[in-house]
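Report on the following structure.
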Amino acid sequence: MIALGALFPDTIAPHIGFILVGASFLTSAISGAFGMGGGVTLLALMGLFLPVPALIPVHGMVQLGSNAGRAWQLKSDIAWRRLTPFFVFGVAGALVGAMLVVELPDAILKTVLGLFVIVIMWVKLPPVAAKSNVSMAIGGFVTNVLTMFLGATGPLVIALFSRQFGVKEVLVASAAVGMMFQHFVKVIAFGVLGFAFSEWIPLIIAMVISGYAGTVAGVKLLKWFPEERFRFWFRIGMTVLGADLVRRGLMAL
């Protein structure tokens, strides 16, 4: 235990490190089964223990590994062609986010994000807005700007993709690739901005390994879920996440 604890950064007590590794398993299982929820939950938990400057970049690295594992588990279901506009405009969004000098109000971002998630779950969109390359391009740009500040924009990505893909496996697999791309670009940006990942690498590796185990368990549950039941609980879960974002945003105003 002591030897393993020595792998964690000095700013993290050994027992906290093990809690985070266990949390990575559980939250990855949640995302593996429903395509969302795990990243936001893990970010909230990490926020209790990690120094503020390290929170977003370390969470981004862990989520990069988690989403890569989910994409690998569902690789045959990924809709690569439909993701192209998301990728192209996502790079532009990340560049804009990285260049913004003024820190955007976190409370307002959370409130707007939560409201958007709720609206897109319950409001019937016009066919063009609901399923098109234009909406994927806009979504790629906006979510990649926001991820530099919020850290976990998974609910927004999965809400966007839920209107693009009708089969649950395709939805979860494609969203995993979209979020993997998003976290990859974010990690590169933080590296360029000078964040020192080296002291966090052992913790990140441990959380990625446990997260992959959680992903395997979650994907098994995903494949077991009937499509209609999945869609019902998916919408309920997304609404709860959106409402919680609004609550946290309003309380911080």
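Identifiers for the structure tokens are assigned positionally: chains receive A, B, ... in sequence, residues are indexed from 1 per chain, and ligands are indexed from 1 in the order shown.
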
Contacts of Leu221 (chain A) at 10 Å or less, counting only C-alpha atoms, minus same-chain residues fewer than 2 places along, as a list of chain:residue names?
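Near Leu221 (chain A), the qualifying residues are A:Ala29, A:Ile30, A:Gly32, A:Ala33, A:Phe34, A:Thr215, A:Val216, A:Ala217, A:Gly218, A:Val219, A:Lys223, A:Trp224, A:Phe225.
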
Since we have the selection now, will you write its residues out, keeping N, CA, C and O atoms, as a PDB file, in the first residue's frame?
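Below is the file part_19.pdb, written as the result:
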```pdb
ATOM      1  N   ALA A  29     -17.816   2.898 -15.936  1.00  0.00           N
ATOM      2  CA  ALA A  29     -18.904   1.927 -16.112  1.00  0.00           C
ATOM      3  C   ALA A  29     -20.209   2.647 -16.426  1.00  0.00           C
ATOM      4  O   ALA A  29     -20.993   2.204 -17.280  1.00  0.00           O
ATOM      5  N   ILE A  30     -20.448   3.784 -15.767  1.00  0.00           N
ATOM      6  CA  ILE A  30     -21.654   4.571 -16.032  1.00  0.00           C
ATOM      7  C   ILE A  30     -21.648   5.075 -17.474  1.00  0.00           C
ATOM      8  O   ILE A  30     -22.644   4.948 -18.205  1.00  0.00           O
ATOM      9  N   GLY A  32     -19.935   3.860 -19.969  1.00  0.00           N
ATOM     10  CA  GLY A  32     -19.993   2.726 -20.877  1.00  0.00           C
ATOM     11  C   GLY A  32     -21.401   2.240 -21.104  1.00  0.00           C
ATOM     12  O   GLY A  32     -21.761   1.807 -22.202  1.00  0.00           O
ATOM     13  N   ALA A  33     -22.235   2.324 -20.073  1.00  0.00           N
ATOM     14  CA  ALA A  33     -23.618   1.841 -20.175  1.00  0.00           C
ATOM     15  C   ALA A  33     -24.547   2.870 -20.806  1.00  0.00           C
ATOM     16  O   ALA A  33     -25.457   2.512 -21.553  1.00  0.00           O
ATOM     17  N   PHE A  34     -24.319   4.157 -20.523  1.00  0.00           N
ATOM     18  CA  PHE A  34     -25.255   5.190 -20.970  1.00  0.00           C
ATOM     19  C   PHE A  34     -24.625   6.239 -21.880  1.00  0.00           C
ATOM     20  O   PHE A  34     -25.333   7.102 -22.398  1.00  0.00           O
ATOM     21  N   THR A 215     -15.207   0.397 -18.162  1.00  0.00           N
ATOM     22  CA  THR A 215     -15.805   0.503 -19.490  1.00  0.00           C
ATOM     23  C   THR A 215     -16.268  -0.854 -20.003  1.00  0.00           C
ATOM     24  O   THR A 215     -17.364  -0.977 -20.566  1.00  0.00           O
ATOM     25  N   VAL A 216     -15.450  -1.879 -19.830  1.00  0.00           N
ATOM     26  CA  VAL A 216     -15.820  -3.236 -20.265  1.00  0.00           C
ATOM     27  C   VAL A 216     -17.116  -3.670 -19.593  1.00  0.00           C
ATOM     28  O   VAL A 216     -18.027  -4.209 -20.240  1.00  0.00           O
ATOM     29  N   ALA A 217     -17.229  -3.409 -18.283  1.00  0.00           N
ATOM     30  CA  ALA A 217     -18.444  -3.778 -17.552  1.00  0.00           C
ATOM     31  C   ALA A 217     -19.636  -2.966 -18.045  1.00  0.00           C
ATOM     32  O   ALA A 217     -20.739  -3.506 -18.231  1.00  0.00           O
ATOM     33  N   GLY A 218     -19.438  -1.661 -18.281  1.00  0.00           N
ATOM     34  CA  GLY A 218     -20.528  -0.810 -18.721  1.00  0.00           C
ATOM     35  C   GLY A 218     -21.027  -1.149 -20.113  1.00  0.00           C
ATOM     36  O   GLY A 218     -22.235  -1.123 -20.371  1.00  0.00           O
ATOM     37  N   VAL A 219     -20.114  -1.487 -21.029  1.00  0.00           N
ATOM     38  CA  VAL A 219     -20.508  -1.837 -22.404  1.00  0.00           C
ATOM     39  C   VAL A 219     -21.337  -3.117 -22.419  1.00  0.00           C
ATOM     40  O   VAL A 219     -22.276  -3.253 -23.208  1.00  0.00           O
ATOM     41  N   LYS A 223     -25.127  -3.341 -24.128  1.00  0.00           N
ATOM     42  CA  LYS A 223     -25.586  -4.309 -25.127  1.00  0.00           C
ATOM     43  C   LYS A 223     -26.801  -5.097 -24.620  1.00  0.00           C
ATOM     44  O   LYS A 223     -27.607  -5.581 -25.421  1.00  0.00           O
ATOM     45  N   TRP A 224     -26.913  -5.232 -23.307  1.00  0.00           N
ATOM     46  CA  TRP A 224     -28.041  -5.969 -22.729  1.00  0.00           C
ATOM     47  C   TRP A 224     -29.330  -5.145 -22.733  1.00  0.00           C
ATOM     48  O   TRP A 224     -30.421  -5.682 -22.861  1.00  0.00           O
ATOM     49  N   PHE A 225     -29.194  -3.801 -22.630  1.00  0.00           N
ATOM     50  CA  PHE A 225     -30.357  -2.934 -22.545  1.00  0.00           C
ATOM     51  C   PHE A 225     -31.185  -2.981 -23.827  1.00  0.00           C
ATOM     52  O   PHE A 225     -30.658  -2.790 -24.914  1.00  0.00           O
TER      53      PHE A 225
END
```

10 Å contact set for Val172 (chain A), only C-alpha atoms, chain neighbours under 4 positions out, as a VMD selection string:
chain A and resid 31 to 36 67 70 to 71 74 77 to 78 158 161 to 162 165 167 to 168 176 to 178 219 222

Using only C-alpha atoms, which residues sit within 12 Å of Arg247 (chain A) once same-chain residues fewer than 2 positions away are excluded, as a list in words?
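My reading of the contact set: Ala107, Ile108, Leu109, Lys110, Thr111, Val112, Leu113, Gly114, Leu115, Val240, Leu241, Gly242, Ala243, Asp244, Leu245, Gly249, Leu250, Met251, Ala252 and Leu253 of chain A.
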
Sel. of helix (DSSP H, G or I) residues, region 96-239 of chain A, as a PyMOL selection string:
chain A and resi 96-99+106-122+127-130+133-150+154-162+168-192+198-224+227-239

For Leu20 (chain A): contacts at 8 Å, only C-alpha atoms, fewer than 5 positions along chain excluded, given as a PyMOL selection string
chain A and resi 45-46+207

Spatial neighbours of Trp200 (chain A), max dist 8 Å, only C-alpha atoms, sep filter under 3 positions, as JSON, numbers by chain:
{"A": [8, 9, 58, 197, 203, 204]}

Keeping only C-alpha atoms, write those residues as a compact mmCIF listing (two decimals), in the first residue's frame.
```
# COMPACT_ATOMS: atom_id res chain seq x y z
CA PHE A 8 0.88 9.49 -6.40
CA PRO A 9 1.88 13.19 -6.43
CA VAL A 58 -5.48 15.78 -15.40
CA PHE A 197 1.91 16.39 -16.72
CA LEU A 203 -2.01 8.48 -11.13
CA ILE A 204 -3.35 9.05 -14.64
```
